[in-house]
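Undergrad: Take a look at data_17.cif, mmCIF, N, CA and C atoms:
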data_query
loop_
_atom_site.label_atom_id
_atom_site.label_comp_id
_atom_site.auth_asym_id
_atom_site.auth_seq_id
_atom_site.Cartn_x
_atom_site.Cartn_y
_atom_site.Cartn_z
N MET A 27 87.27 46.50 -32.63
CA MET A 27 86.53 45.77 -33.63
C MET A 27 87.30 44.50 -33.97
N THR A 28 86.58 43.44 -34.30
CA THR A 28 87.20 42.18 -34.68
C THR A 28 87.31 42.08 -36.19
N ASP A 29 87.96 41.01 -36.64
CA ASP A 29 88.10 40.79 -38.08
C ASP A 29 86.73 40.59 -38.72
N PRO A 30 86.56 41.05 -39.96
CA PRO A 30 85.29 40.85 -40.66
C PRO A 30 85.00 39.36 -40.87
N ILE A 31 83.72 39.01 -40.88
CA ILE A 31 83.29 37.65 -41.20
C ILE A 31 82.32 37.72 -42.38
N SER A 32 82.11 36.59 -43.00
CA SER A 32 81.16 36.56 -44.11
C SER A 32 79.75 36.41 -43.56
N TYR A 33 78.78 36.71 -44.41
CA TYR A 33 77.38 36.50 -44.02
C TYR A 33 77.13 35.02 -43.74
N ALA A 34 77.78 34.15 -44.48
CA ALA A 34 77.65 32.70 -44.26
C ALA A 34 78.12 32.33 -42.85
N ASP A 35 79.20 32.98 -42.37
CA ASP A 35 79.67 32.73 -41.00
C ASP A 35 78.61 33.19 -40.00
N PHE A 36 78.04 34.35 -40.23
CA PHE A 36 77.00 34.87 -39.33
C PHE A 36 75.81 33.92 -39.26
N GLU A 37 75.43 33.35 -40.41
CA GLU A 37 74.29 32.44 -40.45
C GLU A 37 74.51 31.16 -39.64
N LYS A 38 75.75 30.83 -39.33
CA LYS A 38 76.04 29.64 -38.53
C LYS A 38 75.66 29.84 -37.06
N VAL A 39 75.57 31.08 -36.62
CA VAL A 39 75.23 31.36 -35.23
C VAL A 39 73.70 31.43 -35.12
N ASP A 40 73.12 30.51 -34.36
CA ASP A 40 71.67 30.42 -34.23
C ASP A 40 71.23 31.21 -33.00
N ILE A 41 70.72 32.41 -33.24
CA ILE A 41 70.31 33.31 -32.17
C ILE A 41 68.78 33.36 -32.16
N ARG A 42 68.19 33.01 -31.02
CA ARG A 42 66.74 32.90 -30.91
C ARG A 42 66.20 33.68 -29.72
N VAL A 43 64.90 33.93 -29.77
CA VAL A 43 64.19 34.57 -28.66
C VAL A 43 63.54 33.49 -27.81
N GLY A 44 63.68 33.63 -26.51
CA GLY A 44 63.03 32.73 -25.58
C GLY A 44 62.47 33.51 -24.41
N THR A 45 61.66 32.83 -23.60
CA THR A 45 61.07 33.44 -22.42
C THR A 45 61.59 32.73 -21.18
N ILE A 46 62.08 33.49 -20.22
CA ILE A 46 62.57 32.90 -18.97
C ILE A 46 61.37 32.39 -18.18
N ILE A 47 61.37 31.09 -17.88
CA ILE A 47 60.26 30.49 -17.14
C ILE A 47 60.64 30.18 -15.69
N ASP A 48 61.94 30.16 -15.40
CA ASP A 48 62.39 29.97 -14.02
C ASP A 48 63.76 30.60 -13.89
N ALA A 49 64.06 31.11 -12.72
CA ALA A 49 65.36 31.71 -12.41
C ALA A 49 65.65 31.46 -10.94
N GLN A 50 66.86 30.99 -10.66
CA GLN A 50 67.25 30.65 -9.30
C GLN A 50 68.64 31.21 -9.01
N PRO A 51 68.88 31.59 -7.74
CA PRO A 51 70.23 32.00 -7.38
C PRO A 51 71.22 30.86 -7.66
N PHE A 52 72.46 31.21 -7.93
CA PHE A 52 73.49 30.21 -8.20
C PHE A 52 74.68 30.48 -7.29
N PRO A 53 74.53 30.18 -5.99
CA PRO A 53 75.59 30.49 -5.04
C PRO A 53 76.88 29.69 -5.25
N GLU A 54 76.81 28.55 -5.96
CA GLU A 54 78.01 27.74 -6.19
C GLU A 54 78.92 28.32 -7.26
N ALA A 55 78.45 29.25 -8.05
CA ALA A 55 79.25 29.85 -9.12
C ALA A 55 80.41 30.66 -8.53
N ARG A 56 81.53 30.69 -9.25
CA ARG A 56 82.69 31.46 -8.78
C ARG A 56 82.40 32.96 -8.71
N LYS A 57 81.67 33.47 -9.71
CA LYS A 57 81.24 34.87 -9.71
C LYS A 57 79.73 34.86 -9.52
N PRO A 58 79.16 35.88 -8.87
CA PRO A 58 77.71 35.90 -8.66
C PRO A 58 76.94 35.68 -9.95
N ALA A 59 76.00 34.74 -9.93
CA ALA A 59 75.27 34.38 -11.13
C ALA A 59 73.86 33.93 -10.79
N ILE A 60 73.06 33.79 -11.83
CA ILE A 60 71.68 33.31 -11.71
C ILE A 60 71.50 32.18 -12.71
N LYS A 61 70.88 31.07 -12.28
CA LYS A 61 70.54 29.97 -13.17
C LYS A 61 69.21 30.29 -13.83
N LEU A 62 69.16 30.13 -15.15
CA LEU A 62 67.96 30.45 -15.92
C LEU A 62 67.46 29.22 -16.66
N TRP A 63 66.14 29.11 -16.78
CA TRP A 63 65.49 28.13 -17.64
C TRP A 63 64.71 28.95 -18.66
N VAL A 64 65.09 28.81 -19.94
CA VAL A 64 64.53 29.64 -20.99
C VAL A 64 63.75 28.75 -21.96
N ASP A 65 62.48 29.12 -22.21
CA ASP A 65 61.62 28.37 -23.11
C ASP A 65 61.68 28.99 -24.50
N PHE A 66 62.21 28.20 -25.46
CA PHE A 66 62.30 28.65 -26.85
C PHE A 66 61.17 28.07 -27.68
N GLY A 67 60.28 27.28 -27.06
CA GLY A 67 59.16 26.69 -27.77
C GLY A 67 59.61 25.66 -28.79
N GLY A 68 58.63 25.08 -29.49
CA GLY A 68 58.86 24.17 -30.61
C GLY A 68 59.93 23.12 -30.37
N ALA A 69 60.75 22.91 -31.38
CA ALA A 69 61.76 21.86 -31.37
C ALA A 69 62.89 22.12 -30.37
N ILE A 70 63.15 23.38 -30.05
CA ILE A 70 64.25 23.69 -29.14
C ILE A 70 63.84 23.42 -27.69
N GLY A 71 62.65 23.83 -27.32
CA GLY A 71 62.15 23.57 -25.97
C GLY A 71 62.80 24.44 -24.91
N VAL A 72 62.88 23.91 -23.69
CA VAL A 72 63.44 24.64 -22.55
C VAL A 72 64.93 24.31 -22.44
N LYS A 73 65.75 25.34 -22.34
CA LYS A 73 67.19 25.19 -22.19
C LYS A 73 67.65 25.96 -20.96
N ARG A 74 68.77 25.52 -20.39
CA ARG A 74 69.31 26.16 -19.18
C ARG A 74 70.50 27.05 -19.52
N SER A 75 70.68 28.07 -18.69
CA SER A 75 71.82 28.96 -18.85
C SER A 75 72.22 29.51 -17.49
N SER A 76 73.50 29.77 -17.33
CA SER A 76 74.02 30.46 -16.15
C SER A 76 74.47 31.84 -16.62
N ALA A 77 74.04 32.87 -15.93
CA ALA A 77 74.37 34.23 -16.37
C ALA A 77 74.75 35.11 -15.19
N GLN A 78 75.77 35.92 -15.36
CA GLN A 78 76.23 36.84 -14.32
C GLN A 78 75.43 38.13 -14.40
N LEU A 79 74.22 38.06 -13.85
CA LEU A 79 73.25 39.16 -13.99
C LEU A 79 72.90 39.83 -12.66
N THR A 80 73.60 39.51 -11.60
CA THR A 80 73.13 39.91 -10.27
C THR A 80 73.20 41.40 -9.96
N VAL A 81 73.90 42.17 -10.76
CA VAL A 81 73.97 43.61 -10.50
C VAL A 81 72.62 44.29 -10.78
N HIS A 82 72.00 43.95 -11.92
CA HIS A 82 70.77 44.62 -12.33
C HIS A 82 69.50 43.79 -12.18
N TYR A 83 69.65 42.48 -11.92
CA TYR A 83 68.48 41.60 -11.94
C TYR A 83 68.44 40.69 -10.72
N THR A 84 67.22 40.33 -10.32
CA THR A 84 66.99 39.31 -9.31
C THR A 84 66.22 38.19 -9.99
N PRO A 85 66.30 36.97 -9.46
CA PRO A 85 65.58 35.87 -10.11
C PRO A 85 64.09 36.16 -10.34
N ASP A 86 63.40 36.71 -9.35
CA ASP A 86 61.96 36.95 -9.52
C ASP A 86 61.67 38.00 -10.58
N ARG A 87 62.58 38.93 -10.81
CA ARG A 87 62.40 39.98 -11.83
C ARG A 87 62.61 39.45 -13.25
N LEU A 88 63.28 38.30 -13.35
CA LEU A 88 63.59 37.75 -14.67
C LEU A 88 62.49 36.86 -15.24
N ILE A 89 61.70 36.25 -14.40
CA ILE A 89 60.68 35.30 -14.86
C ILE A 89 59.65 36.03 -15.73
N GLY A 90 59.39 35.46 -16.91
CA GLY A 90 58.45 36.05 -17.86
C GLY A 90 59.09 36.99 -18.86
N ARG A 91 60.36 37.28 -18.70
CA ARG A 91 61.06 38.22 -19.58
C ARG A 91 61.55 37.50 -20.84
N GLN A 92 61.38 38.14 -21.98
CA GLN A 92 61.95 37.60 -23.21
C GLN A 92 63.42 38.00 -23.28
N VAL A 93 64.24 37.06 -23.78
CA VAL A 93 65.67 37.28 -23.93
C VAL A 93 66.12 36.77 -25.28
N VAL A 94 67.31 37.15 -25.67
CA VAL A 94 67.93 36.71 -26.91
C VAL A 94 69.12 35.83 -26.52
N ALA A 95 69.25 34.67 -27.17
CA ALA A 95 70.32 33.74 -26.79
C ALA A 95 70.86 32.98 -28.00
N VAL A 96 72.12 32.59 -27.91
CA VAL A 96 72.72 31.68 -28.88
C VAL A 96 72.36 30.27 -28.44
N VAL A 97 71.71 29.52 -29.33
CA VAL A 97 71.23 28.19 -28.95
C VAL A 97 72.05 27.04 -29.55
N ASN A 98 73.07 27.35 -30.35
CA ASN A 98 73.82 26.26 -30.97
C ASN A 98 75.28 26.18 -30.54
N PHE A 99 75.64 26.74 -29.38
CA PHE A 99 76.95 26.47 -28.79
C PHE A 99 76.87 25.13 -28.07
N PRO A 100 77.99 24.42 -27.94
CA PRO A 100 77.94 23.18 -27.16
C PRO A 100 77.67 23.51 -25.69
N PRO A 101 77.01 22.60 -24.95
CA PRO A 101 76.78 22.84 -23.52
C PRO A 101 78.11 23.03 -22.79
N ARG A 102 78.04 23.80 -21.69
CA ARG A 102 79.24 24.11 -20.91
C ARG A 102 78.95 23.88 -19.44
N GLN A 103 79.81 23.14 -18.79
CA GLN A 103 79.66 22.86 -17.37
C GLN A 103 80.11 24.07 -16.57
N ILE A 104 79.21 24.62 -15.76
CA ILE A 104 79.53 25.75 -14.88
C ILE A 104 79.32 25.23 -13.45
N GLY A 105 80.41 24.79 -12.80
CA GLY A 105 80.27 24.17 -11.49
C GLY A 105 79.36 22.96 -11.61
N PRO A 106 78.33 22.87 -10.75
CA PRO A 106 77.42 21.72 -10.80
C PRO A 106 76.29 21.87 -11.82
N PHE A 107 76.31 22.92 -12.62
CA PHE A 107 75.20 23.26 -13.52
C PHE A 107 75.65 23.19 -14.97
N MET A 108 74.84 22.58 -15.83
CA MET A 108 75.15 22.51 -17.26
C MET A 108 74.43 23.65 -17.97
N SER A 109 75.20 24.57 -18.54
CA SER A 109 74.64 25.69 -19.28
C SER A 109 74.53 25.29 -20.75
N GLU A 110 73.32 25.38 -21.32
CA GLU A 110 73.07 24.89 -22.67
C GLU A 110 72.98 25.99 -23.72
N VAL A 111 72.70 27.22 -23.31
CA VAL A 111 72.60 28.35 -24.23
C VAL A 111 73.32 29.55 -23.64
N LEU A 112 73.68 30.50 -24.49
CA LEU A 112 74.32 31.73 -24.05
C LEU A 112 73.33 32.87 -24.19
N VAL A 113 72.83 33.36 -23.06
CA VAL A 113 71.92 34.51 -23.06
C VAL A 113 72.77 35.75 -23.32
N LEU A 114 72.32 36.61 -24.22
CA LEU A 114 73.12 37.75 -24.68
C LEU A 114 72.82 39.03 -23.91
N GLY A 115 73.88 39.79 -23.69
CA GLY A 115 73.76 41.08 -23.02
C GLY A 115 74.90 41.97 -23.46
N VAL A 116 74.85 43.19 -22.98
CA VAL A 116 75.92 44.16 -23.23
C VAL A 116 76.29 44.80 -21.90
N PRO A 117 77.52 45.31 -21.78
CA PRO A 117 77.92 45.92 -20.51
C PRO A 117 77.37 47.33 -20.35
N ASP A 118 77.02 47.65 -19.11
CA ASP A 118 76.68 49.04 -18.80
C ASP A 118 77.99 49.81 -18.61
N GLU A 119 77.92 51.05 -18.16
CA GLU A 119 79.11 51.88 -18.03
C GLU A 119 80.12 51.33 -17.02
N ASN A 120 79.67 50.42 -16.13
CA ASN A 120 80.56 49.82 -15.13
C ASN A 120 80.92 48.37 -15.46
N GLY A 121 80.48 47.88 -16.61
CA GLY A 121 80.79 46.53 -17.01
C GLY A 121 79.79 45.47 -16.58
N ALA A 122 78.71 45.86 -15.90
CA ALA A 122 77.68 44.90 -15.48
C ALA A 122 76.77 44.57 -16.66
N VAL A 123 76.29 43.33 -16.70
CA VAL A 123 75.49 42.85 -17.83
C VAL A 123 74.09 43.45 -17.85
N VAL A 124 73.69 43.94 -19.03
CA VAL A 124 72.32 44.38 -19.32
C VAL A 124 71.83 43.46 -20.43
N LEU A 125 70.73 42.76 -20.19
CA LEU A 125 70.22 41.79 -21.14
C LEU A 125 69.69 42.43 -22.42
N LEU A 126 69.88 41.73 -23.53
CA LEU A 126 69.26 42.12 -24.79
C LEU A 126 67.87 41.49 -24.85
N LYS A 127 66.91 42.23 -25.38
CA LYS A 127 65.56 41.71 -25.51
C LYS A 127 64.88 42.38 -26.70
N PRO A 128 63.86 41.71 -27.26
CA PRO A 128 63.12 42.35 -28.35
C PRO A 128 62.39 43.60 -27.84
N ASP A 129 62.22 44.55 -28.72
CA ASP A 129 61.51 45.79 -28.41
C ASP A 129 60.02 45.54 -28.18
N LEU A 130 59.47 44.56 -28.89
CA LEU A 130 58.06 44.18 -28.76
C LEU A 130 58.01 42.69 -28.50
N ALA A 131 56.91 42.20 -27.95
CA ALA A 131 56.74 40.76 -27.72
C ALA A 131 56.73 40.04 -29.05
N VAL A 132 57.49 38.95 -29.13
CA VAL A 132 57.56 38.14 -30.34
C VAL A 132 57.39 36.67 -29.97
N PRO A 133 57.04 35.83 -30.94
CA PRO A 133 56.87 34.40 -30.64
C PRO A 133 58.15 33.75 -30.16
N LYS A 134 58.04 32.82 -29.23
CA LYS A 134 59.19 32.06 -28.75
C LYS A 134 59.84 31.31 -29.91
N GLY A 135 61.15 31.27 -29.89
CA GLY A 135 61.89 30.53 -30.90
C GLY A 135 62.21 31.33 -32.15
N GLY A 136 61.73 32.56 -32.25
CA GLY A 136 62.03 33.37 -33.42
C GLY A 136 63.52 33.55 -33.60
N ARG A 137 63.99 33.35 -34.83
CA ARG A 137 65.42 33.44 -35.11
C ARG A 137 65.79 34.85 -35.53
N MET A 138 66.90 35.33 -34.96
CA MET A 138 67.40 36.66 -35.34
C MET A 138 67.98 36.61 -36.74
N PHE A 139 67.72 37.66 -37.52
CA PHE A 139 68.31 37.79 -38.85
C PHE A 139 68.68 39.19 -39.09
#
Take the structure I supplied and represent it as C-alpha cells, if you would.
TA:
Amino acid sequence: MTDPISYADFEKVDIRVGTIIDAQPFPEARKPAIKLWVDFGGAIGVKRSSAQLTVHYTPDRLIGRQVVAVVNFPPRQIGPFMSEVLVLGVPDENGAVVLLKPDLAVPKGGRMF
C-alpha cells in the first residue's frame, strides 16, 4: 500500500471513459504493445495511447471496447509514437495486463468519481 492522499489529491487525477476506435500492432515498441486511438467525445476528443496488452488482447478484439484512462498526464513519447493518455488495467496472476472497463455501457467522456 502507498501513503494516504487527500480527496483533493484524488480529484486532480482526471479518469474518463472512452471507446477504442482503432488499434494497431506496435512492433517498434521495446516490449510487445498495441497502439490505441480512444474516443472520449466532447472537448477531449480522440487521444492516443500505447499499451502492453498483447497477452490477452489483439487489435481487432479491442475496437469498440470501452476503457478507463487517465487523460490529464502529460504526453509521453514511446519510440516513434506519442502516447497522450494512460489506459488503466490490473495484472492477472502472471502479471499480464487486464483492462479496466465499466460494467455497463456509459457515455463517452464520463468522469470517474
Undergrad: Which residues fall under the PyMOL selection byres ((chain A and resi 60) around 7) in this file, as a compact mmCIF listing (two decimals) with N, CA and C atoms, keeping the file's coordinate frame?
TA:
# COMPACT_ATOMS: atom_id res chain seq x y z
N ALA A 49 64.06 31.11 -12.72
CA ALA A 49 65.36 31.71 -12.41
C ALA A 49 65.65 31.46 -10.94
N GLN A 50 66.86 30.99 -10.66
CA GLN A 50 67.25 30.65 -9.30
C GLN A 50 68.64 31.21 -9.01
N PRO A 51 68.88 31.59 -7.74
CA PRO A 51 70.23 32.00 -7.38
C PRO A 51 71.22 30.86 -7.66
N PHE A 52 72.46 31.21 -7.93
CA PHE A 52 73.49 30.21 -8.20
C PHE A 52 74.68 30.48 -7.29
N PRO A 58 79.16 35.88 -8.87
CA PRO A 58 77.71 35.90 -8.66
C PRO A 58 76.94 35.68 -9.95
N ALA A 59 76.00 34.74 -9.93
CA ALA A 59 75.27 34.38 -11.13
C ALA A 59 73.86 33.93 -10.79
N LYS A 61 70.88 31.07 -12.28
CA LYS A 61 70.54 29.97 -13.17
C LYS A 61 69.21 30.29 -13.83
N LEU A 62 69.16 30.13 -15.15
CA LEU A 62 67.96 30.45 -15.92
C LEU A 62 67.46 29.22 -16.66
N SER A 75 70.68 28.07 -18.69
CA SER A 75 71.82 28.96 -18.85
C SER A 75 72.22 29.51 -17.49
N SER A 76 73.50 29.77 -17.33
CA SER A 76 74.02 30.46 -16.15
C SER A 76 74.47 31.84 -16.62
N ALA A 77 74.04 32.87 -15.93
CA ALA A 77 74.37 34.23 -16.37
C ALA A 77 74.75 35.11 -15.19
N GLN A 78 75.77 35.92 -15.36
CA GLN A 78 76.23 36.84 -14.32
C GLN A 78 75.43 38.13 -14.40
N LEU A 79 74.22 38.06 -13.85
CA LEU A 79 73.25 39.16 -13.99
C LEU A 79 72.90 39.83 -12.66
N THR A 80 73.60 39.51 -11.60
CA THR A 80 73.13 39.91 -10.27
C THR A 80 73.20 41.40 -9.96
N PRO A 85 66.30 36.97 -9.46
CA PRO A 85 65.58 35.87 -10.11
C PRO A 85 64.09 36.16 -10.34
Undergrad: If you apply the PyMOL selection byres ((chain A and resi 94-109) around 6.5) to this file, what residues do you get, as a list in words?
TA: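 With the PyMOL selection byres ((chain A and resi 94-109) around 6.5) on this model, the match is Val39, Asp40, Ile41, Arg42, Val43, Gly44, Glu54, Ala55, Arg74, Ser75, Ser76, Gln92, Val93, Glu110, Val111, Leu112, Val113, Leu114, Leu126, Lys127 and Pro128 of chain A.
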Undergrad: Between CA of His82 (chain A) and CA of Phe66 (chain A), what is the distance in Å, rounded to a tenth?
TA: 23.2 Å
Undergrad: Hey, what does DSSP flag as alpha helix (DSSP H) within region 67-138 of chain A? Can you give it to me as a list in words?
TA: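 Restricting region 67-138 of chain A to alpha helix (DSSP H) produces Pro85, Asp86, Arg87 and Leu88 of chain A.
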Undergrad: Using the file's own x, y and z axes, what box holds all listed atoms of region 124-136 of chain A with 8 Å on each side, keeping edges along x, y and z, and what are its centre and edge lengths in Å to one decimal, as AutoDock Vina command-line options?
TA:
--center_x 65.2 --center_y 38.2 --center_z -26.3 --size_x 33.0 --size_y 31.3 --size_z 30.6
Undergrad: Step by step, work through what the PyMOL selection byres (((chain A and resi 122 and name CA) around 10) and name CA) selects in the shown file, and finish by giving those residues as a list of chain:residue names.
TA: A:Gln78, A:Leu79, A:Thr80, A:Val81, A:His82, A:Gly115, A:Val116, A:Pro117, A:Asp118, A:Glu119, A:Asn120, A:Gly121, A:Val123, A:Val124, A:Leu125
Undergrad: Restricting the calculation to only C-alpha atoms, which member of A:Gly67, A:Ile47, A:Lys57, A:Gly136 is positioned closest to Ile89 (chain A)?
TA: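 Closest to Ile89 (chain A), using only C-alpha atoms: A:Ile47.
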Undergrad: Quick check for you: according to DSSP on this backbone, which residues of chain A are classed as strand (DSSP E or B)? Reply as a PyMOL selection string.
TA: chain A and resi 41-51+60-65+72-77+92-96+102-104+107-109+112-113+115-117+123-125+137
Undergrad: Would you compute the distance between CA of Thr84 (chain A) and CA of Lys134 (chain A)? Give it in Å to one decimal.
TA: 22.2 Å
Undergrad: To one decimal place, how far is atom N of Ile46 (chain A) from atom N of Tyr83 (chain A) in Å?
TA: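 Separation of atom N of Ile46 (chain A) and atom N of Tyr83 (chain A): 14.4 Å.
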Undergrad: Only all heavy atoms, please: region 113-124 of chain A from the block, as a short mmCIF file (atom, residue, chain, number, x, y, z; two decimals), in the first residue's frame.
TA:
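File written: out_15.cif
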data_model
loop_
_atom_site.label_atom_id
_atom_site.label_comp_id
_atom_site.auth_asym_id
_atom_site.auth_seq_id
_atom_site.Cartn_x
_atom_site.Cartn_y
_atom_site.Cartn_z
N VAL A 113 -4.20 4.27 -20.43
CA VAL A 113 -5.32 3.33 -20.31
C VAL A 113 -5.03 2.45 -19.10
O VAL A 113 -3.91 1.96 -18.92
CB VAL A 113 -5.46 2.50 -21.61
CG1 VAL A 113 -6.51 1.42 -21.45
CG2 VAL A 113 -5.80 3.41 -22.77
N LEU A 114 -6.03 2.26 -18.24
CA LEU A 114 -5.83 1.58 -16.96
C LEU A 114 -6.14 0.09 -17.03
O LEU A 114 -7.08 -0.33 -17.69
CB LEU A 114 -6.68 2.25 -15.89
CG LEU A 114 -6.39 3.73 -15.65
CD1 LEU A 114 -7.36 4.30 -14.62
CD2 LEU A 114 -4.95 3.93 -15.21
N GLY A 115 -5.35 -0.67 -16.29
CA GLY A 115 -5.55 -2.11 -16.19
C GLY A 115 -4.98 -2.60 -14.88
O GLY A 115 -4.38 -1.84 -14.12
N VAL A 116 -5.18 -3.87 -14.64
CA VAL A 116 -4.62 -4.53 -13.47
C VAL A 116 -3.95 -5.82 -13.92
O VAL A 116 -4.31 -6.39 -14.96
CB VAL A 116 -5.71 -4.83 -12.41
CG1 VAL A 116 -6.28 -3.54 -11.83
CG2 VAL A 116 -6.82 -5.68 -12.98
N PRO A 117 -2.97 -6.31 -13.16
CA PRO A 117 -2.28 -7.53 -13.57
C PRO A 117 -3.09 -8.78 -13.26
O PRO A 117 -3.77 -8.85 -12.23
CB PRO A 117 -0.99 -7.50 -12.75
CG PRO A 117 -1.33 -6.72 -11.54
CD PRO A 117 -2.36 -5.70 -11.97
N ASP A 118 -2.99 -9.75 -14.17
CA ASP A 118 -3.56 -11.07 -13.86
C ASP A 118 -2.56 -11.82 -12.98
O ASP A 118 -1.56 -11.24 -12.53
CB ASP A 118 -3.91 -11.83 -15.16
CG ASP A 118 -2.69 -12.28 -15.96
OD1 ASP A 118 -1.53 -12.14 -15.50
OD2 ASP A 118 -2.90 -12.77 -17.09
N GLU A 119 -2.79 -13.09 -12.73
CA GLU A 119 -1.93 -13.86 -11.82
C GLU A 119 -0.49 -13.99 -12.33
O GLU A 119 0.42 -14.28 -11.56
CB GLU A 119 -2.53 -15.25 -11.54
CG GLU A 119 -2.65 -16.15 -12.75
CD GLU A 119 -3.90 -15.90 -13.59
OE1 GLU A 119 -4.76 -15.09 -13.21
OE2 GLU A 119 -4.01 -16.53 -14.67
N ASN A 120 -0.27 -13.74 -13.64
CA ASN A 120 1.08 -13.82 -14.22
C ASN A 120 1.66 -12.44 -14.52
O ASN A 120 2.72 -12.34 -15.12
CB ASN A 120 1.05 -14.66 -15.50
CG ASN A 120 0.66 -16.09 -15.21
OD1 ASN A 120 1.19 -16.72 -14.29
ND2 ASN A 120 -0.28 -16.61 -15.96
N GLY A 121 0.96 -11.38 -14.16
CA GLY A 121 1.46 -10.04 -14.37
C GLY A 121 1.05 -9.41 -15.70
O GLY A 121 1.44 -8.27 -15.98
N ALA A 122 0.27 -10.11 -16.53
CA ALA A 122 -0.19 -9.56 -17.80
C ALA A 122 -1.36 -8.61 -17.56
O ALA A 122 -2.17 -8.82 -16.67
CB ALA A 122 -0.61 -10.68 -18.75
N VAL A 123 -1.45 -7.56 -18.39
CA VAL A 123 -2.46 -6.52 -18.20
C VAL A 123 -3.86 -7.00 -18.58
O VAL A 123 -4.07 -7.59 -19.64
CB VAL A 123 -2.12 -5.28 -19.05
CG1 VAL A 123 -3.21 -4.22 -18.91
CG2 VAL A 123 -0.77 -4.71 -18.63
N VAL A 124 -4.82 -6.73 -17.68
CA VAL A 124 -6.25 -6.92 -17.93
C VAL A 124 -6.87 -5.53 -17.83
O VAL A 124 -6.72 -4.85 -16.80
CB VAL A 124 -6.88 -7.88 -16.90
CG1 VAL A 124 -8.39 -7.98 -17.11
CG2 VAL A 124 -6.22 -9.25 -16.97
#
